[in-house]
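Visitor: Quick one, structure.txt (compact mmCIF, C-alpha atoms):
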```
# COMPACT_ATOMS: atom_id res chain seq x y z
CA MET A 20 266.92 44.90 143.22
CA ASN A 21 265.08 42.06 144.93
CA GLY A 22 267.75 39.46 144.27
CA VAL A 23 269.43 36.38 145.65
CA HIS A 24 272.55 38.39 146.52
CA ASP A 25 270.60 39.89 149.43
CA LEU A 26 271.35 37.08 151.88
CA GLY A 27 271.43 38.68 155.33
CA GLY A 28 269.21 36.79 157.77
CA MET A 29 268.11 34.11 155.30
CA ASP A 30 267.47 30.58 156.57
CA GLY A 31 268.59 27.32 155.03
CA MET A 32 272.08 28.22 153.80
CA GLY A 33 273.58 25.75 156.25
CA PRO A 34 276.51 26.08 158.63
CA VAL A 35 279.62 28.10 157.79
CA HIS A 36 282.75 26.10 157.10
CA PRO A 37 285.53 28.43 158.15
CA THR A 38 289.17 27.73 157.42
CA ALA A 39 292.12 28.48 159.65
CA TRP A 40 294.09 29.41 156.55
CA GLU A 41 293.39 29.23 152.85
CA PRO A 42 295.27 30.31 149.73
CA VAL A 43 294.53 33.84 148.50
CA TYR A 44 293.77 32.41 145.05
CA HIS A 45 292.24 28.96 144.74
CA ALA A 46 293.08 28.53 141.06
CA GLU A 47 295.52 30.24 138.70
CA TRP A 48 292.61 31.79 136.73
CA GLU A 49 291.39 33.63 139.84
CA LYS A 50 294.36 36.00 139.57
CA ALA A 51 293.18 37.44 136.26
CA ALA A 52 289.50 37.19 137.23
CA PHE A 53 290.28 39.30 140.29
CA SER A 54 292.24 41.81 138.20
CA PHE A 55 289.45 42.44 135.66
CA PHE A 56 287.74 44.69 138.13
CA PRO A 57 290.59 47.17 138.74
CA PHE A 58 291.80 47.17 135.12
CA CYS A 59 288.32 47.64 133.63
CA ALA A 60 287.66 50.39 136.18
CA ARG A 61 290.93 52.04 135.09
CA ALA A 62 289.72 51.86 131.48
CA GLY A 63 286.60 53.76 132.52
CA MET A 64 284.40 50.78 131.70
CA PHE A 65 282.57 50.74 135.05
CA GLY A 66 282.75 51.69 138.70
CA LEU A 67 282.19 49.53 141.76
CA ASP A 68 278.43 50.10 142.09
CA GLU A 69 277.75 49.36 138.44
CA PHE A 70 279.86 46.20 138.78
CA ARG A 71 277.78 45.16 141.78
CA ARG A 72 274.55 45.73 139.85
CA HIS A 73 275.70 43.16 137.30
CA LEU A 74 276.69 40.67 140.00
CA GLU A 75 273.15 41.00 141.34
CA GLN A 76 271.67 40.14 137.94
CA LEU A 77 273.15 36.63 137.83
CA HIS A 78 270.61 33.82 137.92
CA PRO A 79 270.02 32.64 141.53
CA VAL A 80 270.85 29.01 140.79
CA HIS A 81 274.11 30.07 139.24
CA TYR A 82 274.85 32.68 141.90
CA LEU A 83 274.53 30.12 144.68
CA THR A 84 276.50 27.36 142.99
CA SER A 85 279.52 29.07 141.43
CA TRP A 86 282.81 30.48 142.67
CA TYR A 87 282.89 34.09 143.69
CA TYR A 88 285.42 35.13 141.05
CA GLU A 89 283.31 33.45 138.39
CA HIS A 90 280.71 36.10 139.24
CA TRP A 91 283.36 38.75 138.66
CA LEU A 92 284.24 37.25 135.29
CA GLU A 93 280.61 37.27 134.21
CA ALA A 94 279.95 40.81 135.37
CA ALA A 95 283.04 42.07 133.48
CA GLU A 96 282.02 40.11 130.34
CA ALA A 97 278.49 41.51 130.49
CA ILE A 98 279.39 45.15 131.06
CA GLY A 99 282.02 45.21 128.31
CA LYS A 100 279.53 43.62 125.93
CA GLU A 101 276.82 46.13 126.87
CA LYS A 102 279.20 49.03 126.31
CA GLY A 103 280.57 47.79 123.00
CA PHE A 104 284.10 46.85 124.12
CA TRP A 105 283.61 43.30 122.74
CA THR A 106 280.92 40.99 121.41
CA ALA A 107 279.70 37.70 122.84
CA ASP A 108 280.91 35.91 119.67
CA GLU A 109 284.37 37.37 120.03
CA LEU A 110 284.62 36.03 123.61
CA HIS A 111 283.11 32.62 122.72
CA GLU A 112 285.50 32.11 119.87
CA ARG A 113 288.56 32.88 121.99
CA ALA A 114 287.29 30.84 124.94
CA ALA A 115 286.80 27.84 122.61
CA TYR A 116 290.38 28.28 121.43
CA TYR A 117 291.84 28.46 124.95
CA LEU A 118 289.69 25.50 126.04
CA GLU A 119 291.31 23.45 123.29
CA TYR A 120 294.78 24.94 123.81
CA PRO A 121 294.91 25.91 127.50
CA ASP A 122 298.65 26.56 127.36
CA ALA A 123 298.52 28.84 124.30
CA PRO A 124 300.18 32.13 125.22
CA LEU A 125 298.38 35.39 125.79
CA PRO A 126 299.13 38.26 123.42
CA PRO A 127 302.27 40.17 124.49
CA HIS A 128 301.90 43.58 126.10
CA ASP A 129 304.31 45.10 128.57
CA ASP A 130 303.21 48.67 129.21
CA PRO A 131 304.87 49.49 132.56
CA ALA A 132 302.01 51.90 133.32
CA LEU A 133 299.77 48.90 134.03
CA VAL A 134 302.13 47.52 136.68
CA GLU A 135 302.49 50.99 138.17
CA PHE A 136 298.70 51.25 138.23
CA ALA A 137 298.43 48.04 140.28
CA GLN A 138 300.83 49.45 142.84
CA TRP A 139 299.14 52.85 142.86
CA ALA A 140 295.60 51.44 143.15
CA VAL A 141 296.49 49.20 146.09
CA GLU A 142 298.22 52.03 147.94
CA ASN A 143 295.65 54.75 147.29
CA GLY A 144 292.33 53.15 146.54
CA PHE A 145 289.30 55.14 145.45
CA PRO A 146 287.82 57.19 148.29
CA THR A 147 284.05 57.68 148.23
CA GLN A 148 283.77 60.53 150.71
CA ARG A 149 282.81 63.83 149.03
CA GLU A 150 282.73 67.46 150.07
CA SER A 151 279.18 68.71 150.29
CA ALA A 152 277.44 71.85 151.45
CA ALA A 153 274.26 69.88 152.14
CA GLN A 154 273.15 70.06 155.75
CA ALA A 155 272.71 66.67 157.44
CA GLN A 156 269.03 66.00 158.10
CA PHE A 157 269.63 63.59 160.98
CA SER A 158 271.83 63.44 164.07
CA VAL A 159 273.29 60.68 166.19
CA GLY A 160 270.55 59.45 168.55
CA ASP A 161 267.65 60.11 166.13
CA ARG A 162 265.16 57.32 165.60
CA VAL A 163 264.70 56.73 161.90
CA ARG A 164 262.61 54.53 159.66
CA ILE A 165 264.23 52.80 156.69
CA ASP A 166 262.53 53.00 153.29
CA ASN A 167 260.63 49.79 152.59
CA THR A 168 260.21 50.11 148.82
CA MET A 169 261.73 47.55 146.47
CA PRO A 170 262.92 49.34 143.35
CA ARG A 171 263.94 47.28 140.33
CA ARG A 172 267.42 48.81 140.25
CA HIS A 173 270.65 48.76 142.23
CA HIS A 174 270.53 49.98 145.83
CA ARG A 175 272.23 48.99 149.09
CA ARG A 176 269.34 48.52 151.50
CA PRO A 177 269.41 44.90 152.68
CA ARG A 178 266.00 43.21 152.73
CA TYR A 179 266.14 42.61 156.49
CA SER A 180 266.39 46.37 157.09
CA MET A 181 263.44 47.47 154.98
CA GLY A 182 260.75 49.34 156.89
CA GLN A 183 262.64 48.91 160.17
CA ILE A 184 263.02 51.59 162.81
CA GLY A 185 266.40 52.04 164.45
CA GLU A 186 268.71 54.51 166.10
CA ILE A 187 271.44 56.49 164.35
CA MET A 188 274.75 55.57 166.00
CA LEU A 189 277.30 57.19 163.66
CA HIS A 190 277.35 59.93 161.03
CA HIS A 191 280.05 59.60 158.36
CA GLY A 192 279.70 62.78 156.29
CA THR A 193 278.71 62.60 152.63
CA HIS A 194 279.59 59.62 150.44
CA VAL A 195 278.92 58.59 146.85
CA PHE A 196 275.31 57.39 146.52
CA PRO A 197 275.16 53.93 144.90
CA ASP A 198 271.61 54.49 143.66
CA THR A 199 272.99 56.92 141.07
CA THR A 200 276.43 55.51 140.22
CA GLY A 201 275.09 51.94 140.26
CA ASN A 202 272.38 52.72 137.75
CA GLY A 203 274.27 54.54 135.00
CA LYS A 204 273.53 58.02 136.34
CA ALA A 205 275.94 60.85 137.10
CA GLU A 206 277.52 60.57 140.54
CA THR A 207 275.77 62.22 143.47
CA SER A 208 276.64 62.05 147.16
CA GLU A 209 274.53 61.87 150.30
CA HIS A 210 275.01 61.92 154.04
CA LEU A 211 275.76 58.45 155.34
CA TYR A 212 274.83 57.06 158.76
CA THR A 213 275.08 53.81 160.70
CA VAL A 214 271.74 52.66 162.10
CA LYS A 215 271.35 50.15 164.93
CA LEU A 216 268.49 47.67 164.57
CA ARG A 217 267.34 45.31 167.32
CA GLN A 218 267.28 41.61 166.44
CA ALA A 219 263.82 41.43 168.05
CA ASP A 220 262.50 44.00 165.55
CA LEU A 221 263.97 42.12 162.60
CA PHE A 222 262.84 38.62 163.53
CA GLY A 223 260.30 38.89 166.36
CA GLU A 224 260.83 38.42 170.09
CA GLN A 225 260.38 34.68 169.90
CA ASP A 226 263.24 33.92 167.51
CA ALA A 227 265.51 36.85 168.18
CA ASP A 228 268.58 37.06 170.37
CA PRO A 229 267.56 39.58 173.07
CA ASN A 230 271.10 40.86 173.37
CA ALA A 231 272.15 41.15 169.73
CA CYS A 232 271.71 43.85 167.15
CA GLN A 233 272.40 44.55 163.52
CA MET A 234 274.34 47.64 162.46
CA VAL A 235 273.68 48.80 158.91
CA ASP A 236 274.85 51.79 156.87
CA MET A 237 272.17 54.01 155.37
CA TRP A 238 272.36 56.96 153.00
CA GLU A 239 270.06 59.84 153.86
CA PRO A 240 267.45 59.25 151.09
CA TYR A 241 266.82 55.80 152.59
CA LEU A 242 265.71 57.33 155.90
CA SER A 243 262.89 59.35 157.41
CA LEU A 244 262.49 60.51 160.98
CA ALA A 245 260.40 58.03 162.98
CA THR A 246 257.80 60.15 164.72
CA GLU A 247 255.80 58.75 167.62
CA GLU A 248 252.73 58.35 165.39
CA SER A 249 254.63 56.40 162.75
CA ASP A 250 256.40 54.37 165.42
CA LYS A 251 254.72 51.08 166.08
CA MET B 13 263.42 14.44 131.29
CA SER B 14 265.07 17.75 131.81
CA LYS B 15 264.40 19.07 135.30
CA VAL B 16 266.53 22.18 135.38
CA ASN B 17 267.52 24.95 133.07
CA LEU B 18 270.86 23.63 131.84
CA SER B 19 272.22 27.09 131.17
CA HIS B 20 272.76 27.30 134.94
CA THR B 21 274.64 24.04 135.21
CA PRO B 22 277.98 24.73 136.90
CA HIS B 23 280.93 25.23 134.58
CA THR B 24 284.07 23.15 134.84
CA ASP B 25 287.26 24.74 136.06
CA GLU B 26 288.73 24.31 132.56
CA GLU B 27 285.80 26.17 130.98
CA ILE B 28 286.10 29.05 133.40
CA ALA B 29 289.86 29.22 132.96
CA ALA B 30 289.38 29.40 129.17
CA ARG B 31 286.82 32.19 129.47
CA VAL B 32 289.06 34.16 131.82
CA LYS B 33 291.96 33.78 129.41
CA ALA B 34 289.73 34.85 126.49
CA LEU B 35 288.69 38.06 128.22
CA GLU B 36 292.24 38.68 129.37
CA ALA B 37 293.46 38.33 125.77
CA VAL B 38 290.89 40.85 124.51
CA LEU B 39 291.80 43.34 127.23
CA ILE B 40 295.52 42.89 126.59
CA GLU B 41 295.08 43.52 122.85
CA LYS B 42 293.25 46.72 123.67
CA GLY B 43 296.17 47.76 125.87
CA LEU B 44 293.99 47.78 129.00
CA MET B 45 295.61 44.94 130.91
CA SER B 46 298.88 43.00 130.99
CA GLU B 47 300.14 39.73 132.43
CA ALA B 48 302.70 41.70 134.42
CA GLY B 49 299.92 43.88 135.82
CA VAL B 50 297.89 40.83 136.86
CA ASN B 51 300.98 39.28 138.43
CA ARG B 52 301.69 42.45 140.38
CA PHE B 53 298.15 42.48 141.86
CA ALA B 54 298.44 38.76 142.67
CA GLU B 55 301.84 39.17 144.30
CA ILE B 56 300.70 42.10 146.46
CA TYR B 57 297.79 40.20 147.98
CA GLU B 58 299.68 36.91 148.23
CA ASN B 59 302.81 38.27 149.87
CA GLU B 60 302.51 41.87 150.97
CA VAL B 61 299.01 42.82 152.09
CA GLY B 62 297.28 40.44 154.50
CA PRO B 63 296.26 39.91 158.13
CA GLN B 64 299.85 40.42 159.30
CA LEU B 65 299.27 44.16 158.72
CA GLY B 66 296.13 44.22 160.85
CA SER B 67 298.01 42.32 163.56
CA LYS B 68 300.72 44.95 163.52
CA VAL B 69 298.16 47.74 164.02
CA VAL B 70 296.51 45.88 166.91
CA ALA B 71 299.83 45.23 168.65
CA GLU B 72 300.67 48.93 168.38
CA ALA B 73 297.27 49.83 169.89
CA TRP B 74 297.75 47.37 172.78
CA ILE B 75 301.09 48.91 173.66
CA ASN B 76 300.42 52.56 172.95
CA PRO B 77 297.22 54.04 174.49
CA GLU B 78 297.53 57.27 172.51
CA PHE B 79 297.71 55.35 169.25
CA LYS B 80 294.74 53.26 170.37
CA ALA B 81 292.69 56.42 170.94
CA ARG B 82 293.62 57.70 167.48
CA LEU B 83 292.78 54.30 165.93
CA LEU B 84 289.31 54.22 167.49
CA ASP B 85 288.76 57.84 166.50
CA ASN B 86 289.86 57.48 162.86
CA ALA B 87 291.28 54.11 161.79
CA THR B 88 292.14 55.30 158.27
CA ASP B 89 294.44 58.07 159.53
CA ALA B 90 295.91 55.97 162.36
CA CYS B 91 296.79 53.12 160.00
CA ARG B 92 298.49 55.60 157.63
CA GLU B 93 300.92 56.41 160.45
CA LEU B 94 302.12 52.81 160.05
CA GLY B 95 302.09 52.98 156.25
CA ILE B 96 298.92 50.88 156.00
CA GLY B 97 295.90 51.81 153.90
CA GLY B 98 294.50 52.03 150.38
CA LEU B 99 292.22 49.94 148.20
CA GLN B 100 289.04 48.77 149.97
CA GLY B 101 290.13 50.51 153.13
CA GLU B 102 289.70 54.11 152.03
CA HIS B 103 287.37 54.70 154.99
CA MET B 104 288.13 52.29 157.83
CA ILE B 105 286.50 52.06 161.25
CA ALA B 106 288.08 49.96 164.01
CA LEU B 107 285.64 48.72 166.67
CA GLU B 108 286.83 47.73 170.11
CA ASN B 109 285.77 44.33 171.38
CA THR B 110 285.36 44.33 175.15
CA LYS B 111 284.06 41.87 177.70
CA ASP B 112 280.62 43.50 177.43
CA VAL B 113 280.26 44.18 173.69
CA HIS B 114 281.42 41.89 170.90
CA ASN B 115 281.44 43.21 167.32
CA VAL B 116 281.64 41.10 164.17
CA VAL B 117 281.63 42.14 160.50
CA VAL B 118 279.88 40.70 157.44
CA CYS B 119 278.96 41.88 153.95
CA SER B 120 275.43 40.58 153.46
CA LEU B 121 275.12 41.95 149.90
CA CYS B 122 278.49 41.00 148.37
CA SER B 123 282.01 40.49 149.76
CA CYS B 124 283.26 43.81 151.18
CA TYR B 125 286.25 43.34 153.47
CA PRO B 126 289.00 45.67 154.77
CA TRP B 127 291.78 44.68 152.37
CA PRO B 128 294.59 46.92 153.76
CA VAL B 129 294.52 45.17 157.15
CA LEU B 130 293.27 41.70 156.15
CA GLY B 131 294.10 41.15 152.48
CA LEU B 132 291.53 39.45 150.25
CA PRO B 133 288.70 37.60 152.02
CA PRO B 134 288.71 33.83 152.51
CA ASN B 135 285.97 31.91 150.69
CA TRP B 136 283.94 31.27 153.84
CA TYR B 137 283.58 35.04 154.43
CA LYS B 138 282.00 35.36 150.97
CA SER B 139 279.91 32.20 151.43
CA MET B 140 276.12 32.24 151.37
CA ALA B 141 276.08 30.52 154.78
CA TYR B 142 278.13 33.19 156.57
CA ARG B 143 276.35 36.11 154.91
CA ALA B 144 272.97 34.65 155.92
CA ARG B 145 273.57 33.15 159.35
CA ILE B 146 275.70 35.72 161.17
CA THR B 147 272.75 38.14 160.91
CA ARG B 148 270.02 35.58 161.60
CA GLU B 149 271.59 34.00 164.69
CA PRO B 150 274.97 35.53 165.50
CA ARG B 151 275.46 33.86 168.87
CA ALA B 152 274.73 30.38 167.55
CA CYS B 153 276.83 31.00 164.42
CA LEU B 154 279.85 32.14 166.45
CA LYS B 155 279.52 29.19 168.81
CA GLU B 156 278.71 26.37 166.42
CA ASP B 157 280.67 27.44 163.34
CA PHE B 158 283.62 29.25 164.91
CA GLY B 159 283.85 27.71 168.40
CA LEU B 160 283.47 31.14 170.00
CA GLU B 161 281.07 30.88 172.89
CA LEU B 162 279.84 34.21 174.21
CA PRO B 163 277.66 34.36 177.32
CA ASP B 164 274.17 35.84 176.91
CA SER B 165 275.33 38.84 178.92
CA VAL B 166 277.66 39.92 176.09
CA GLU B 167 275.93 42.18 173.57
CA ILE B 168 276.67 41.11 170.00
CA ARG B 169 276.74 43.76 167.29
CA VAL B 170 276.83 42.53 163.70
CA TRP B 171 278.14 45.20 161.32
CA ASP B 172 277.02 44.99 157.70
CA SER B 173 279.59 46.43 155.26
CA ASN B 174 276.87 47.59 152.90
CA SER B 175 278.51 50.98 152.25
CA GLU B 176 282.17 51.79 151.48
CA LEU B 177 283.04 52.01 155.18
CA ARG B 178 285.25 49.11 156.14
CA TYR B 179 284.79 47.79 159.65
CA TRP B 180 287.23 45.60 161.55
CA MET B 181 287.86 44.77 165.17
CA LEU B 182 290.38 45.73 167.78
CA PRO B 183 290.35 42.50 169.83
CA ARG B 184 290.89 42.44 173.60
CA ARG B 185 294.45 42.10 174.72
CA PRO B 186 294.72 38.64 176.33
CA ASP B 187 295.69 38.29 179.98
CA GLY B 188 299.23 37.24 180.76
CA THR B 189 300.80 39.38 178.04
CA ASP B 190 302.38 42.07 180.21
CA GLY B 191 305.92 42.72 179.14
CA MET B 192 305.52 41.13 175.71
CA ASN B 193 306.99 43.12 172.83
CA LYS B 194 305.12 44.22 169.70
CA GLU B 195 306.22 41.25 167.61
CA GLU B 196 305.15 38.77 170.30
CA LEU B 197 301.81 40.51 170.68
CA ALA B 198 301.20 40.69 166.92
CA ALA B 199 301.63 36.91 166.77
CA LEU B 200 298.58 36.54 169.04
CA VAL B 201 296.30 38.49 166.67
CA THR B 202 294.46 36.17 164.30
CA ARG B 203 292.56 36.90 161.09
CA ASP B 204 289.36 35.84 162.84
CA SER B 205 289.96 38.15 165.79
CA LEU B 206 290.10 41.06 163.32
CA ILE B 207 286.84 39.93 161.67
CA GLY B 208 285.19 39.33 165.04
CA THR B 209 284.62 35.61 164.56
CA GLY B 210 287.38 34.86 167.07
CA LEU B 211 289.44 36.26 169.93
CA ALA B 212 293.15 36.94 170.11
CA LYS B 213 295.19 33.89 171.11
CA THR B 214 296.20 33.41 174.73
CA PRO B 215 299.95 32.99 175.17
CA PRO B 216 301.16 29.60 176.42
CA ALA B 217 301.41 29.64 180.23
```
Please lay out the structure from this file as structure tokens.

Guide:
Amino acid sequence: MNGVHDLGGMDGMGPVHPTAWEPVYHAEWEKAAFSFFPFCARAGMFGLDEFRRHLEQLHPVHYLTSWYYEHWLEAAEAIGKEKGFWTADELHERAAYYLEYPDAPLPPHDDPALVEFAQWAVENGFPTQRESAAQAQFSVGDRVRIDNTMPRRHHRRPRYSMGQIGEIMLHHGTHVFPDTTGNGKAETSEHLYTVKLRQADLFGEQDADPNACQMVDMWEPYLSLATEESDK
Amino acid sequence: MSKVNLSHTPHTDEEIAARVKALEAVLIEKGLMSEAGVNRFAEIYENEVGPQLGSKVVAEAWINPEFKARLLDNATDACRELGIGGLQGEHMIALENTKDVHNVVVCSLCSCYPWPVLGLPPNWYKSMAYRARITREPRACLKEDFGLELPDSVEIRVWDSNSELRYWMLPRRPDGTDGMNKEELAALVTRDSLIGTGLAKTPPA
């Protein structure tokens, strides 16, 4: 997807305003907004890549001007609606009620399995490495070219990397491929590599830092061997 | 005259809070979520899982060369030895910052961050500015935004967390720390030194 989420290397976003310390949650509502993701995933509503695809579909103006957890809220609302867990009207009606009565209680529910799930999920996570008999097509040290196509679906090739040639620095075995799981298809896995790109190749000698590089992770289908003829 | 599409006008905090509560109520009624479950997640990342865990790992690596070798070889397994690991750190890679090579991590496409050693990311890490600039001009970004000035002779490597691998840094052990114990060393390790936007603190002379 050719979206606003793909920010790496973009100009005009201004300086960073780092904080020495900041609260984990900036508002009380962020606690639940954060928790939608793990609880909806537990319910089988979506996985991480599908969630990301919905974050990427937010309007650019909105994406750039809203809080991060608001994005999470909207992605969860949209996926549940798409999959028939609730309707837009149902959510609007309840939101109108809680806007008028912000202190009205939530419905009661105290299934201890949900608290145990929180503990379990934090401790164990959801590994994405998979066993595979597929032979790796590339080795550390190979020069590879990154696919430069722009499909209208979820993928994890940042715009700055498209069409670039770099060197494979690390090989990580096979991992879940976001181009399937992120697009409603059955999970597949692919060999995953880290590719080193020179700043000068990304931005041109004139503007680039001669002693800086960008490291980016690439699944095997994103790569082809850069032969001398295809090399620039 | 209307100049913008008003459907993108920012929402108020009250409106967002009401929408969050609405969705929470629906999920609770379906038995898929609970207030206690939300509170448990919140509590874990507010009080239990945060940069203090990454600091502990770094202090161990500074003191114990064998552990350091294991950490750089496989950070996920090495952290498990200390009871650290899990969600958003299923596959961790620790990168050593030296006087010749400085590594820094970003997630240009969303907000990926190694939760088991750093907790949930601060807002600036998820900000448009950081995600854009650290790739575009890392040396200037580190200097101007973070006060970290690296000479041109230091190679900067910017790691994009665009897969499920979670990168974080093993900062250099500061001079003048010989004989310090693990707790004293851990206190020198900052959140930013684990991200790569800073160095470990130097102990007072």

Visitor: CA of Arg217 (chain A) and CA of Leu206 (chain B), how far apart in Å?

Guide: 23.5 Å

Visitor: Which centre and which edge lengths, in Å to one decimal, describe the axis-aligned box that holds all listed atoms of region 63-71 of chain B after 4 Å is added on each side, as lines of an AutoDock Vina configuration file?

Guide:
```
center_x = 298.4
center_y = 43.8
center_z = 163.4
size_x = 12.6
size_y = 15.8
size_z = 18.5
```

Visitor: State, in Å with one decimal place, the distance from CA of Gln233 (chain A) to CA of Glu186 (chain A).

Guide: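 Taking CA of Gln233 (chain A) and CA of Glu186 (chain A), their separation equals 10.9 Å.
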
Visitor: Using all atoms listed in the file, which residue out of B:Met45, B:Leu160, B:Ala73, B:Leu154 lies closest to Leu197 (chain B)?

Guide: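 With all atoms listed in the file as the atom set, the closest residue is B:Ala73.
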
Visitor: Pick out the closest residue to Trp171 (chain B) from this set: A:Pro34, A:Gly99, A:Pro170, A:Gly27. Count all atoms listed in the file.

Guide: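 So, comparing all the options, the nearest one is A:Gly27.
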
Visitor: Which polymer residues have any atom within 12 Å of an atom of region 163-168 of chain B, counting only C-alpha atoms, with same-chain residues fewer than 6 positions away left out, as a ChimeraX atom specification?

Guide: /A:215-218,228-234 /B:109-117,146-147,149-155,208-209

Visitor: Using all atoms listed in the file, pick whichever of B:Lys213, B:Arg203, B:Lys138, B:His103 has the shortest atom-to-atom distance to Ala39 (chain A).

Guide: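 For Ala39 (chain A), the nearest of the candidates is B:Arg203.
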
Visitor: Could you list, as a CSV table (one decimal) with C-alpha atoms, in the frame of the given file, every residue within 9 Å of Asn86 (chain B), counting all atoms listed in the file and ignoring same-chain residues fewer than 3 positions away?

Guide:
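Result file follows (part_17.csv):
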```csv
chain,number,residue,atom,x,y,z
B,81,ALA,CA,292.7,56.4,170.9
B,82,ARG,CA,293.6,57.7,167.5
B,83,LEU,CA,292.8,54.3,165.9
B,89,ASP,CA,294.4,58.1,159.5
B,90,ALA,CA,295.9,56.0,162.4
B,91,CYS,CA,296.8,53.1,160.0
B,103,HIS,CA,287.4,54.7,155.0
B,104,MET,CA,288.1,52.3,157.8
B,105,ILE,CA,286.5,52.1,161.2
B,106,ALA,CA,288.1,50.0,164.0
```

Visitor: Find the distance between CA of Phe157 (chain A) and CA of Ser175 (chain B) and write it in Å to one decimal.

Guide: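 So the two atoms, CA of Phe157 (chain A) and CA of Ser175 (chain B), lie 17.7 Å apart.
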
Visitor: With a distance cut-off of 8 Å and only C-alpha atoms, select the neighbouring residues of region 72-74 of chain A, excluding the residue or stretch itself and same-chain residues fewer than 3 positions from it, and output the selection as number ranges by chain.

Guide: A: 68-69, 77, 90-91, 93-94, 97-98, 172-173, 201-202

Visitor: Using C-alpha atoms, can you write the selected residues to a file as a PDB file, keeping the file's coordinate frame?

Guide:
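File produced: out.pdb:
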```pdb
ATOM      1  CA  ASP A  68     278.430  50.100 142.090  1.00  0.00           C
ATOM      2  CA  GLU A  69     277.750  49.360 138.440  1.00  0.00           C
ATOM      3  CA  LEU A  77     273.150  36.630 137.830  1.00  0.00           C
ATOM      4  CA  HIS A  90     280.710  36.100 139.240  1.00  0.00           C
ATOM      5  CA  TRP A  91     283.360  38.750 138.660  1.00  0.00           C
ATOM      6  CA  GLU A  93     280.610  37.270 134.210  1.00  0.00           C
ATOM      7  CA  ALA A  94     279.950  40.810 135.370  1.00  0.00           C
ATOM      8  CA  ALA A  97     278.490  41.510 130.490  1.00  0.00           C
ATOM      9  CA  ILE A  98     279.390  45.150 131.060  1.00  0.00           C
ATOM     10  CA  ARG A 172     267.420  48.810 140.250  1.00  0.00           C
ATOM     11  CA  HIS A 173     270.650  48.760 142.230  1.00  0.00           C
ATOM     12  CA  GLY A 201     275.090  51.940 140.260  1.00  0.00           C
ATOM     13  CA  ASN A 202     272.380  52.720 137.750  1.00  0.00           C
TER      14      ASN A 202
END
```

Visitor: Between A:Gly144, A:Pro197, A:Gly66, A:Pro42, which is the closest to chain B once you count only C-alpha atoms?

Guide: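 Looking only at the distances to chain B, the closest residue turns out to be A:Gly144.
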
Visitor: May I have the residues within 10 Å of Met140 (chain B) as a ChimeraX atom specification, using only C-alpha atoms and disregarding those fewer than 2 positions away in the same chain?

Guide: /A:23-27,29,31-35,82-84 /B:120-122,135-138,142-145

Visitor: Would you list the contacts of Ala245 (chain A) as an MDAnalysis selection string, taking every protein, DNA or RNA residue within 12 Å and counting all atoms listed in the file, but skipping same-chain residues closer than 4 positions in sequence?

Guide: chainID A and resid 157 160:166 182:187 249:251

Visitor: Which residues, protein or nucleic acid, reach to within 12 Å of (300.1, 55.5, 157.2) in the file's coordinates when using only C-alpha atoms, and can you give that as a list in words?

Guide: Glu142 and Asn143 of chain A; Leu65, Val69, Leu83, Asn86, Ala87, Thr88, Asp89, Ala90, Cys91, Arg92, Glu93, Leu94, Gly95, Ile96, Gly97, Gly98, Gly101, Glu102, Pro128 and Val129 of chain B

Visitor: Ranking B:Val50, B:Ala217, B:Leu200, B:Val70 by minimum distance to chain A and counting only C-alpha atoms, which one comes first?

Guide: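 Looking at the shortest contact to chain A, the residue is B:Val50.
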
Visitor: Here is a test: counting all atoms listed in the file, which residue of A:Asn167, A:Gln154, A:Thr246, A:Thr213 is nearest to chain B?

Guide: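 Among the listed residues, A:Thr213 lies closest to chain B.
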